[in-house]
$ cat coords-v9.cif   # mmCIF, C-alpha atoms and all ligand atoms
data_structure
#
loop_
_atom_site.label_atom_id
_atom_site.label_comp_id
_atom_site.auth_asym_id
_atom_site.auth_seq_id
_atom_site.Cartn_x
_atom_site.Cartn_y
_atom_site.Cartn_z
CA MET A 281 17.66 -109.73 -90.56
CA SER A 282 17.61 -111.12 -94.13
CA GLU A 283 19.58 -109.74 -97.05
CA ARG A 284 16.34 -108.53 -98.54
CA ALA A 285 15.44 -106.77 -95.37
CA LYS A 286 18.71 -104.93 -95.52
CA LYS A 287 17.95 -103.71 -98.99
CA THR A 288 18.66 -100.05 -99.52
CA ALA A 289 15.62 -97.83 -99.79
CA PHE A 290 15.68 -94.41 -101.26
CA VAL A 291 14.20 -91.47 -99.56
CA PHE A 292 12.56 -89.21 -102.03
CA VAL A 293 11.79 -85.60 -101.75
CA GLY A 294 9.35 -85.08 -104.54
CA GLY A 295 10.87 -87.51 -107.01
CA GLY A 296 14.57 -86.82 -106.54
CA ASN A 297 16.41 -89.27 -104.27
CA LEU A 298 18.47 -87.21 -101.88
CA GLY A 299 20.57 -90.15 -100.82
CA SER A 300 20.33 -93.70 -99.64
CA VAL A 301 19.95 -94.89 -96.11
CA GLN A 302 19.64 -98.29 -94.57
CA VAL A 303 16.13 -98.86 -93.35
CA GLY A 304 14.04 -101.73 -92.08
CA THR A 305 11.95 -104.22 -94.01
CA THR A 306 10.90 -103.30 -97.52
CA SER A 307 9.08 -105.09 -100.33
CA PRO A 308 8.26 -104.76 -104.06
CA TYR A 309 4.95 -103.20 -102.97
CA TYR A 310 6.81 -100.67 -100.84
CA ASP A 311 9.13 -99.83 -103.72
CA GLY A 312 6.17 -99.48 -106.07
CA ILE A 313 4.28 -97.17 -103.73
CA MET A 314 7.36 -95.07 -103.09
CA GLY A 315 8.06 -94.84 -106.82
CA HIS A 316 4.49 -93.79 -107.48
CA LEU A 317 4.54 -91.26 -104.66
CA SER A 318 7.77 -89.81 -105.93
CA LYS A 319 6.26 -89.25 -109.39
CA VAL A 320 3.14 -87.67 -107.90
CA GLY A 321 5.30 -85.53 -105.63
CA ALA A 322 7.49 -84.38 -108.51
CA ALA A 323 4.43 -83.48 -110.59
CA PHE A 324 3.03 -81.51 -107.65
CA LEU A 325 6.25 -79.55 -107.17
CA ARG A 326 6.32 -78.72 -110.87
CA LEU A 327 2.66 -77.64 -110.71
CA VAL A 328 3.29 -75.33 -107.74
CA ALA A 329 6.29 -73.74 -109.46
CA VAL A 330 4.42 -73.15 -112.74
CA ALA A 331 0.81 -72.49 -111.67
CA GLY A 332 1.61 -71.05 -108.22
CA PRO A 333 2.35 -67.52 -109.50
CA VAL A 334 -1.01 -67.49 -111.32
CA LEU A 335 -2.82 -68.39 -108.08
CA LEU A 336 -0.65 -65.85 -106.24
CA GLY A 337 -1.82 -63.18 -108.71
CA LEU A 338 -5.43 -64.09 -107.99
CA LEU A 339 -4.80 -63.97 -104.22
CA THR A 340 -3.13 -60.57 -104.63
CA ALA A 341 -6.15 -59.20 -106.50
CA LEU A 342 -8.49 -60.70 -103.89
CA TYR A 343 -6.53 -59.21 -100.98
CA ILE A 344 -6.43 -55.77 -102.60
CA GLY A 345 -10.22 -55.86 -102.98
CA ARG A 346 -10.82 -57.44 -99.58
CA PRO A 347 -7.87 -57.12 -97.18
CA SER A 348 -8.58 -60.29 -95.24
CA PRO A 349 -5.79 -61.85 -93.14
CA TYR A 350 -6.77 -65.23 -94.64
CA PHE A 351 -5.86 -64.09 -98.17
CA LEU A 352 -2.63 -62.60 -96.80
CA ALA A 353 -1.67 -65.81 -94.96
CA ALA A 354 -2.52 -67.94 -98.00
CA GLY A 355 -0.46 -65.65 -100.23
CA ILE A 356 2.61 -65.72 -97.98
CA THR A 357 2.39 -69.52 -97.64
CA LEU A 358 2.07 -69.93 -101.39
CA ALA A 359 4.99 -67.55 -102.05
CA VAL A 360 7.25 -69.59 -99.74
CA ALA A 361 6.07 -72.84 -101.39
CA ILE A 362 6.87 -71.41 -104.84
CA LEU A 363 10.40 -70.47 -103.72
CA VAL A 364 10.97 -73.99 -102.32
CA CYS A 365 9.76 -75.55 -105.58
CA ASP A 366 11.98 -73.21 -107.59
CA GLY A 367 14.96 -74.37 -105.54
CA TRP A 368 14.05 -77.98 -106.24
CA ILE A 369 13.73 -77.31 -110.00
CA ILE A 370 17.11 -75.59 -110.11
CA ALA A 371 18.74 -78.38 -108.07
CA ARG A 372 17.26 -81.03 -110.41
CA ARG A 373 17.97 -78.94 -113.51
CA HIS A 374 14.46 -79.33 -114.90
CA TRP A 375 15.02 -76.47 -117.30
CA ILE A 376 11.84 -76.88 -119.40
CA THR A 377 9.64 -76.74 -116.32
CA GLY A 378 11.86 -73.92 -115.08
CA GLY A 379 11.16 -71.98 -118.28
CA PHE A 380 7.40 -72.23 -117.76
CA ALA A 381 7.82 -71.33 -114.07
CA LEU A 382 9.82 -68.27 -115.08
CA ALA A 383 7.15 -67.21 -117.59
CA THR A 384 4.34 -67.31 -115.01
CA LYS A 385 6.52 -65.39 -112.54
CA ILE A 386 7.09 -62.68 -115.13
CA ALA A 387 3.32 -62.57 -115.73
CA PHE A 388 2.82 -62.16 -111.96
CA LEU A 389 5.33 -59.30 -111.83
CA ILE A 390 3.61 -57.63 -114.79
CA LEU A 391 0.30 -57.87 -112.88
CA VAL A 392 1.93 -56.27 -109.81
CA GLY A 393 3.30 -53.56 -112.10
CA THR A 394 -0.23 -52.65 -113.20
CA TYR A 395 -0.93 -51.50 -109.62
CA THR A 396 2.02 -49.07 -109.50
CA ALA A 397 1.59 -45.31 -109.93
CA SER A 398 1.25 -44.08 -113.49
CA PRO A 399 -0.23 -40.55 -113.44
CA LEU A 400 -1.79 -39.28 -116.65
CA PRO A 401 -0.27 -36.08 -118.07
CA ALA A 402 -1.96 -32.95 -116.73
CA PRO A 403 -4.71 -31.66 -119.01
CA SER A 404 -4.45 -28.15 -120.41
CA PRO A 405 -5.86 -25.66 -117.90
CA MET A 406 -9.50 -24.78 -118.46
CA SER A 407 -10.71 -21.23 -118.80
CA ASP A 408 -14.47 -21.83 -118.87
CA PRO A 409 -16.31 -19.51 -116.49
CA LEU A 410 -18.26 -21.03 -113.64
CA PRO A 411 -21.73 -21.59 -115.17
CA GLN A 412 -24.60 -19.43 -114.03
CA ALA A 413 -27.18 -21.03 -111.77
CA SER A 414 -30.39 -19.76 -110.13
CA PRO A 415 -31.19 -22.42 -107.57
CA PRO A 416 -34.56 -21.85 -105.91
CA ASP A 417 -34.95 -21.40 -102.17
CA GLY A 418 -35.69 -24.62 -100.39
CA MET A 419 -33.11 -26.68 -102.23
CA ALA A 420 -31.07 -29.00 -100.03
CA ILE A 421 -29.08 -32.19 -100.26
CA TYR A 422 -28.76 -35.08 -97.82
CA ALA A 423 -26.57 -38.17 -97.71
CA LEU A 424 -28.15 -41.54 -97.00
CA PRO A 425 -25.37 -44.05 -96.32
CA THR A 426 -26.60 -47.57 -97.10
CA GLY A 427 -23.51 -49.71 -96.69
CA VAL A 428 -19.77 -50.07 -96.95
CA ASN A 429 -17.20 -52.36 -98.53
CA HIS A 430 -13.83 -52.77 -96.86
CA ARG A 431 -11.15 -52.34 -99.48
CA THR A 432 -7.64 -50.88 -99.99
CA THR A 433 -6.48 -47.82 -101.89
CA ALA A 434 -4.60 -50.15 -104.28
CA PHE A 435 -8.03 -51.36 -105.38
CA ALA A 436 -9.26 -47.84 -106.16
CA TYR A 437 -6.41 -46.24 -108.15
CA ARG A 438 -2.95 -46.96 -109.53
CA GLY A 439 -0.29 -46.11 -106.96
CA GLY A 440 -2.59 -46.90 -104.02
CA SER A 441 -1.17 -49.17 -101.34
CA PRO A 442 -2.36 -52.70 -100.54
CA TRP A 443 -1.66 -51.88 -96.86
CA ASP A 444 -3.78 -48.71 -96.88
CA LYS A 445 -7.30 -49.83 -96.00
CA ARG A 446 -10.05 -47.56 -97.27
CA ASP A 447 -13.81 -47.84 -96.91
CA SER A 448 -15.79 -47.88 -100.11
CA VAL A 449 -19.20 -46.51 -99.17
CA SER A 450 -22.53 -46.92 -100.95
CA THR A 451 -24.52 -43.75 -100.37
CA ALA A 452 -27.69 -42.38 -101.92
CA VAL A 453 -28.13 -38.60 -102.12
CA LEU A 454 -31.52 -36.94 -101.78
CA VAL A 455 -31.81 -33.59 -103.55
CA ARG A 456 -34.75 -31.46 -102.45
CA HIS A 457 -36.05 -29.18 -105.19
CA PRO A 458 -39.41 -27.38 -105.41
CA GLN A 459 -40.06 -28.93 -108.84
CA GLY A 460 -39.59 -32.41 -107.45
CA ASN A 461 -37.03 -34.20 -105.31
CA LEU A 462 -34.62 -36.71 -106.72
CA LEU A 463 -32.37 -39.44 -105.48
CA ILE A 464 -28.94 -39.56 -107.05
CA ASP A 465 -28.33 -43.34 -107.01
CA THR A 466 -29.99 -45.57 -104.43
CA GLY A 467 -27.14 -47.40 -102.70
CA LEU A 468 -27.82 -50.87 -101.34
CA GLY A 469 -31.50 -51.70 -101.17
CA ARG A 470 -33.73 -53.89 -99.07
CA THR A 471 -33.10 -56.94 -101.28
CA ILE A 472 -29.29 -56.61 -101.46
CA ALA A 473 -28.70 -59.95 -99.68
CA GLN A 474 -30.71 -61.79 -102.31
CA GLN A 475 -29.04 -59.78 -105.11
CA MET A 476 -25.58 -60.67 -103.79
CA ARG A 477 -26.38 -64.38 -103.86
CA GLU A 478 -26.82 -64.16 -107.63
CA PHE A 479 -23.30 -62.81 -108.23
CA PRO A 480 -20.36 -64.98 -109.35
CA PHE A 481 -18.54 -66.82 -106.54
CA LEU A 482 -15.24 -65.00 -107.05
CA PHE A 483 -16.96 -61.62 -106.84
CA ARG A 484 -18.60 -62.53 -103.53
CA LEU A 485 -15.31 -63.96 -102.24
CA GLY A 486 -13.59 -60.62 -102.93
CA THR A 487 -16.33 -58.47 -101.36
CA ASP A 488 -16.56 -57.73 -97.64
CA GLN A 489 -19.77 -55.75 -97.46
CA VAL A 490 -21.66 -54.42 -94.46
CA GLN A 491 -25.17 -53.15 -95.05
CA PHE A 492 -26.70 -50.24 -93.15
CA GLN A 493 -30.31 -49.12 -93.27
CA PRO A 494 -31.53 -48.93 -96.90
CA ALA A 495 -32.40 -45.44 -98.21
CA ALA A 496 -36.12 -46.29 -98.42
CA ASP A 497 -36.18 -47.29 -94.73
CA GLN A 498 -34.31 -44.12 -93.72
CA LEU A 499 -36.84 -41.97 -95.58
CA ASP A 500 -39.84 -43.92 -94.24
CA ALA A 501 -38.50 -43.68 -90.68
CA ALA A 502 -38.62 -39.87 -90.98
CA ARG A 503 -42.14 -40.04 -92.52
CA TYR A 504 -40.80 -38.64 -95.80
CA ASP A 505 -43.67 -38.05 -98.23
CA ARG A 506 -42.72 -40.26 -101.16
CA ARG A 507 -44.98 -38.28 -103.50
CA GLN A 508 -42.29 -35.59 -103.39
CA LEU A 509 -39.79 -37.98 -104.96
CA ARG A 510 -40.04 -37.25 -108.68
CA TYR A 511 -37.04 -39.15 -110.08
CA ILE A 512 -34.22 -41.52 -109.31
CA LEU A 513 -31.22 -40.23 -111.27
CA LEU A 514 -28.51 -42.84 -111.85
CA THR A 515 -24.86 -41.91 -112.26
CA HIS A 516 -24.75 -45.36 -113.92
CA ALA A 517 -26.58 -48.66 -113.71
CA HIS A 518 -24.12 -50.86 -111.80
CA TRP A 519 -25.69 -53.04 -109.11
CA ASP A 520 -24.42 -51.01 -106.14
CA HIS A 521 -26.07 -47.84 -107.48
CA ILE A 522 -29.35 -49.35 -108.60
CA SER A 523 -29.86 -51.94 -105.85
CA GLY A 524 -32.47 -49.85 -104.00
CA VAL A 525 -34.62 -49.03 -107.05
CA PRO A 526 -37.22 -51.76 -106.28
CA ASP A 527 -37.79 -50.06 -102.90
CA PHE A 528 -39.32 -47.09 -104.77
CA PRO A 529 -41.92 -48.72 -107.01
CA GLY A 530 -43.25 -46.48 -109.77
CA VAL A 531 -40.61 -43.75 -109.40
CA PRO A 532 -39.11 -43.09 -112.87
CA VAL A 533 -35.41 -43.95 -113.14
CA LEU A 534 -33.60 -41.44 -115.36
CA VAL A 535 -30.97 -42.98 -117.65
CA THR A 536 -29.21 -41.94 -120.84
CA ALA A 537 -29.88 -43.83 -124.07
CA ALA A 538 -26.34 -45.25 -123.92
CA GLU A 539 -26.91 -46.57 -120.39
CA GLN A 540 -30.27 -48.04 -121.37
CA ARG A 541 -28.50 -49.95 -124.17
CA PHE A 542 -25.83 -51.05 -121.70
CA ILE A 543 -28.52 -52.36 -119.35
CA ASP A 544 -30.27 -54.19 -122.18
CA GLU A 545 -27.07 -55.77 -123.53
CA GLY A 546 -24.82 -55.78 -120.45
CA GLY A 547 -23.51 -58.71 -118.46
CA TRP A 548 -23.70 -59.72 -114.82
CA ALA A 549 -23.11 -56.19 -113.44
CA THR A 550 -26.48 -55.01 -114.83
CA ALA A 551 -28.40 -58.29 -114.45
CA HIS A 552 -30.40 -56.80 -111.59
CA ALA A 553 -31.18 -53.66 -113.57
CA ARG A 554 -32.79 -55.89 -116.20
CA SER A 555 -34.77 -57.99 -113.76
CA MET A 556 -36.15 -55.39 -111.36
CA ASN A 557 -39.10 -54.05 -113.44
CA ALA A 558 -37.82 -50.51 -113.07
CA VAL A 559 -39.53 -47.67 -114.94
CA PHE A 560 -36.55 -46.43 -116.94
CA GLN A 561 -36.99 -43.01 -118.52
CA GLU A 562 -34.45 -41.93 -121.10
CA TYR A 563 -33.29 -38.33 -121.31
CA SER A 564 -31.14 -36.56 -123.86
CA PHE A 565 -28.45 -33.93 -123.62
CA ASP A 566 -30.19 -30.99 -125.21
CA GLY A 567 -28.07 -28.31 -123.53
CA GLY A 568 -24.79 -26.80 -124.68
CA PRO A 569 -21.25 -27.19 -123.36
CA TYR A 570 -20.79 -27.17 -119.59
CA LEU A 571 -17.41 -26.81 -117.89
CA GLY A 572 -15.55 -28.41 -120.77
CA PHE A 573 -18.09 -31.17 -121.36
CA THR A 574 -19.55 -30.85 -124.83
CA GLN A 575 -23.19 -31.52 -123.90
CA SER A 576 -25.42 -31.12 -120.89
CA ARG A 577 -28.94 -31.48 -119.56
CA ASP A 578 -30.28 -28.80 -117.23
CA LEU A 579 -32.91 -30.86 -115.44
CA TYR A 580 -35.13 -28.07 -114.08
CA ALA A 581 -33.86 -25.30 -116.40
CA ASP A 582 -32.50 -23.23 -113.51
CA GLY A 583 -28.88 -24.44 -113.51
CA SER A 584 -29.28 -26.12 -110.14
CA ILE A 585 -29.05 -29.72 -111.40
CA VAL A 586 -27.00 -30.17 -114.56
CA ILE A 587 -26.09 -33.58 -115.96
CA VAL A 588 -23.19 -34.16 -118.37
CA PRO A 589 -22.11 -37.34 -120.15
CA ALA A 590 -18.90 -38.80 -118.72
CA PRO A 591 -18.67 -42.24 -120.35
CA GLY A 592 -16.01 -44.90 -119.90
CA HIS A 593 -16.77 -46.65 -116.62
CA THR A 594 -20.03 -47.59 -118.32
CA PRO A 595 -21.15 -46.31 -121.73
CA GLY A 596 -23.81 -44.02 -120.25
CA SER A 597 -22.10 -42.83 -117.04
CA VAL A 598 -22.80 -39.20 -116.11
CA VAL A 599 -21.61 -36.49 -113.75
CA VAL A 600 -24.34 -34.57 -111.89
CA PHE A 601 -23.53 -30.97 -110.91
CA VAL A 602 -25.73 -29.65 -108.10
CA THR A 603 -25.70 -25.97 -107.09
CA LEU A 604 -27.55 -24.93 -103.93
CA SER A 605 -29.16 -21.60 -103.21
CA GLY A 606 -26.36 -20.71 -100.78
CA GLY A 607 -23.88 -21.09 -103.64
CA ALA A 608 -22.39 -24.46 -102.59
CA ARG A 609 -21.54 -26.59 -105.61
CA HIS A 610 -21.14 -30.35 -105.78
CA ALA A 611 -20.14 -32.68 -108.59
CA PHE A 612 -21.44 -36.23 -108.15
CA VAL A 613 -19.02 -38.10 -110.39
CA GLY A 614 -20.34 -41.63 -109.84
CA ASP A 615 -17.61 -44.21 -110.44
CA LEU A 616 -15.53 -42.02 -112.73
CA VAL A 617 -13.01 -42.62 -109.92
CA TRP A 618 -13.51 -44.71 -106.80
CA GLN A 619 -11.49 -42.45 -104.52
CA LEU A 620 -10.58 -38.77 -104.84
CA GLU A 621 -6.91 -39.51 -105.51
CA GLY A 622 -7.95 -40.93 -108.85
CA LEU A 623 -8.91 -37.41 -109.91
CA LEU A 624 -6.43 -35.33 -107.95
CA GLU A 625 -3.43 -37.50 -108.87
CA ARG A 626 -4.89 -38.46 -112.28
CA GLU A 627 -4.47 -42.15 -111.55
CA GLU A 628 -6.66 -44.62 -113.41
CA ARG A 629 -8.21 -47.72 -111.93
CA PRO A 630 -5.80 -50.69 -111.89
CA TRP A 631 -5.89 -52.92 -114.96
CA PHE A 632 -7.42 -55.96 -113.22
CA GLU A 633 -10.33 -53.97 -111.79
CA ALA A 634 -10.92 -52.04 -115.03
CA ARG A 635 -10.77 -55.25 -117.03
CA THR A 636 -13.21 -57.06 -114.74
CA LEU A 637 -15.66 -54.17 -115.18
CA GLY A 638 -15.26 -54.10 -118.96
CA GLU A 639 -14.49 -50.37 -118.99
CA ASN A 640 -13.55 -48.41 -122.09
CA PRO A 641 -10.16 -47.05 -120.92
CA ILE A 642 -9.68 -44.54 -123.75
CA VAL A 643 -13.08 -42.88 -123.34
CA LEU A 644 -12.79 -43.04 -119.54
CA ARG A 645 -9.42 -41.28 -119.66
CA GLN A 646 -10.97 -38.31 -121.50
CA SER A 647 -13.78 -38.06 -118.93
CA LEU A 648 -11.31 -38.30 -116.05
CA LEU A 649 -8.99 -35.61 -117.44
CA ARG A 650 -11.92 -33.26 -118.12
CA MET A 651 -13.13 -33.62 -114.54
CA SER A 652 -9.58 -33.31 -113.24
CA ALA A 653 -9.23 -29.94 -115.04
CA ILE A 654 -12.46 -28.78 -113.36
CA ALA A 655 -11.21 -29.89 -109.92
CA THR A 656 -7.99 -27.91 -110.45
CA ARG A 657 -9.68 -24.75 -111.81
CA TYR A 658 -12.60 -24.71 -109.34
CA PRO A 659 -11.55 -26.11 -105.96
CA GLN A 660 -14.80 -24.67 -104.52
CA ILE A 661 -16.73 -27.47 -106.26
CA THR A 662 -16.96 -30.43 -103.87
CA ILE A 663 -16.14 -33.56 -105.86
CA VAL A 664 -18.13 -36.57 -104.66
CA PRO A 665 -16.99 -39.93 -106.02
CA SER A 666 -19.82 -42.34 -105.16
CA HIS A 667 -17.65 -44.58 -103.00
CA ASP A 668 -15.30 -42.09 -101.30
CA PRO A 669 -16.49 -41.35 -97.74
CA ARG A 670 -14.59 -38.00 -97.76
CA GLY A 671 -16.80 -36.69 -100.57
CA TYR A 672 -19.83 -36.65 -98.23
CA ALA A 673 -18.09 -34.85 -95.34
CA SER A 674 -19.85 -31.54 -96.07
CA ILE A 675 -23.26 -33.06 -96.87
CA PRO A 676 -25.66 -33.46 -93.92
CA GLU A 677 -26.73 -37.01 -93.21
CA TRP A 678 -30.47 -37.48 -93.63
CA SER A 679 -30.95 -39.48 -90.47
CA GLN A 680 -29.02 -36.93 -88.36
CA SER A 681 -30.36 -33.75 -89.87
CA ALA A 682 -32.86 -31.64 -87.92
CA THR A 683 -33.85 -29.63 -90.99
CA ARG A 684 -34.96 -32.46 -93.24
ZN ZN A 701 -19.75 -48.74 -111.18
ZN ZN A 702 -20.07 -48.30 -107.78
#
$ encode --input "coords-v9.cif" --output "structure tokens"
Amino acid sequence: MSERAKKTAFVFVGGGNLGSVQVGTTSPYYDGIMGHLSKVGAAFLRLVAVAGPVLLGLLTALYIGRPSPYFLAAGITLAVAILVCDGWIIARRHWITGGFALATKIAFLILVGTYTASPLPAPSPMSDPLPQASPPDGMAIYALPTGVNHRTTAFAYRGGSPWDKRDSVSTAVLVRHPQGNLLIDTGLGRTIAQQMREFPFLFRLGTDQVQFQPAADQLDAARYDRRQLRYILLTHAHWDHISGVPDFPGVPVLVTAAEQRFIDEGGWATAHARSMNAVFQEYSFDGGPYLGFTQSRDLYADGSIVIVPAPGHTPGSVVVFVTLSGGARHAFVGDLVWQLEGLLEREERPWFEARTLGENPIVLRQSLLRMSAIATRYPQITIVPSHDPRGYASIPEWSQSATR
């Protein structure tokens, strides 16, 4: 073996030579390639240490919204890789890179902190009497489940757990009333698959949705006379509440002026509302205070269906109070909270989710606290957050009901 062949080669682990060993034949090309590889390797390790926590934050948010084992495995792998790279940076004393790596780790920890419990202070107890209502005979309500998203409680409210899986349902509610039936929201409609394709990639990646029978198909299957359906009443105009509107052509869709503006000016979440040729019909709040809300609209002037403005999630979000002739009362609160704990524990939506939706947190907080005071004072009112399956437990399902 020649002297050159006995030349010492360095074994690099990402740009730092750990030591020298005697190896076989080498050449200037070999040295060049190894030198290049070591620089690339070092740059990669620095990148993982600095940018890794940012990607880990994204994976955390994705897993919370869609608890897939793939996101979990990717997150654990990335976390281990970040620790290895941190060790390398400390061993090499790359303090500038280390400073950036520390900053992104702090940002990651701040993000995790935004998912921890942070209950709002309890509102002052309310003393308003339970409003009078004279619901006519023949009133009834039915739930029409149209689909489900698999999520975690951490996604729905601060203090929820990423390990606590919770279904997020999309359910339309049919209210029978002698003056005209109405649908409170529509759930996922017949064209939901096409609608989903138009959403941003990251949104679809973080959504694990299963569709059931659309509300229109459930009604048609029972030979429901569509002429009885007078209105579609939206709690708000987000895609998962309005998706089924095109399945009811010509039926007026009741919205507040604020929500109509939001639809006209809004972003991707209301893109479908703009494109579906819906017959939007604005209504105003011409009634007085109702259970602590400053304004109201008594739809059929009998107290059975009363709408109040509860903005924040969207500018024109509402709560719909429905009182049946038997005395049962329901409050359909839309997406004021995603799960009941949001109201009962006064926990807001996590920052990342609220931010993605473009909510107004200050206005939303007032609406949430007002509704929370009602829930405390009047436990006999069944609170129905649109996406909480427990809210529908006492409402007969349309497809199962013999009395529809
Ligand atoms: Zn919404
Ligand atoms: Zn929703």
$ closest_residue --input "coords-v9.cif" --among "A:Ala331, A:Ala673, A:Ala549, A:Met651" --to "ligand ZN 702 (chain A)" --atoms "all atoms listed in the file"
A:Ala549
$ axis_aligned_box --input "coords-v9.cif" --around "stretch 330-335 of chain A" --padding-each-side "8 Å" --output "lines of an AutoDock Vina configuration file"
center_x = 0.8
center_y = -70.3
center_z = -110.4
size_x = 23.2
size_y = 21.7
size_z = 20.7
$ closest_residue --input "coords-v9.cif" --among "A:Gly427, A:Pro532, A:Gly439, A:Pro416" --to "ligand ZN 702 (chain A)" --atoms "all atoms listed in the file"
A:Gly427
$ residues_near_ligand --input "coords-v9.cif" --ligand "ligand ZN 701 (chain A)" --cutoff "7 Å" --atoms "all atoms listed in the file" --output "ChimeraX atom specification"
/A:516,518,593,615
$ closest_residue --input "coords-v9.cif" --among "A:Asp505, A:Asp366, A:Asp520, A:Asp488" --to "A:Ala452" --atoms "all atoms listed in the file"
A:Asp520
$ residues_near_ligand --input "coords-v9.cif" --ligand "ligand ZN 702 (chain A)" --cutoff "12 Å" --atoms "all atoms listed in the file" --output "JSON, numbers by chain"
{"A": [427, 428, 429, 436, 448, 449, 450, 451, 452, 465, 466, 467, 468, 514, 515, 516, 517, 518, 519, 520, 521, 522, 523, 549, 550, 593, 594, 597, 613, 614, 615, 616, 617, 618, 619, 633, 637, 665, 666, 667, 668]}
$ residues_near_point --input "coords-v9.cif" --point "(-15.9, -57.4, -102.0)" --cutoff "12 Å" --atoms "only C-alpha atoms" --output "MDAnalysis selection string"
chainID A and resid 341:348 428:432 435 447:449 476 479:490 520 633
$ residues_around --input "coords-v9.cif" --residues "A:Gly567" --least-positions-apart "3" --cutoff "12 Å" --atoms "all atoms listed in the file" --output "PDB file with C-alpha atoms, in the frame of the given file"
ATOM      1  CA  TYR A 563     -33.290 -38.330-121.310  1.00  0.00           C
ATOM      2  CA  SER A 564     -31.140 -36.560-123.860  1.00  0.00           C
ATOM      3  CA  TYR A 570     -20.790 -27.170-119.590  1.00  0.00           C
ATOM      4  CA  PHE A 573     -18.090 -31.170-121.360  1.00  0.00           C
ATOM      5  CA  THR A 574     -19.550 -30.850-124.830  1.00  0.00           C
ATOM      6  CA  GLN A 575     -23.190 -31.520-123.900  1.00  0.00           C
ATOM      7  CA  SER A 576     -25.420 -31.120-120.890  1.00  0.00           C
ATOM      8  CA  ARG A 577     -28.940 -31.480-119.560  1.00  0.00           C
ATOM      9  CA  ASP A 578     -30.280 -28.800-117.230  1.00  0.00           C
ATOM     10  CA  LEU A 579     -32.910 -30.860-115.440  1.00  0.00           C
ATOM     11  CA  TYR A 580     -35.130 -28.070-114.080  1.00  0.00           C
ATOM     12  CA  ALA A 581     -33.860 -25.300-116.400  1.00  0.00           C
ATOM     13  CA  GLY A 583     -28.880 -24.440-113.510  1.00  0.00           C
ATOM     14  CA  VAL A 586     -27.000 -30.170-114.560  1.00  0.00           C
ATOM     15  CA  ILE A 587     -26.090 -33.580-115.960  1.00  0.00           C
ATOM     16  CA  VAL A 588     -23.190 -34.160-118.370  1.00  0.00           C
ATOM     17  CA  PRO A 589     -22.110 -37.340-120.150  1.00  0.00           C
TER      18      PRO A 589
END
$ closest_residue --input "coords-v9.cif" --among "A:Pro401, A:Gly524, A:Pro333, A:Pro349" --to "A:Leu623" --atoms "all atoms listed in the file"
A:Pro401
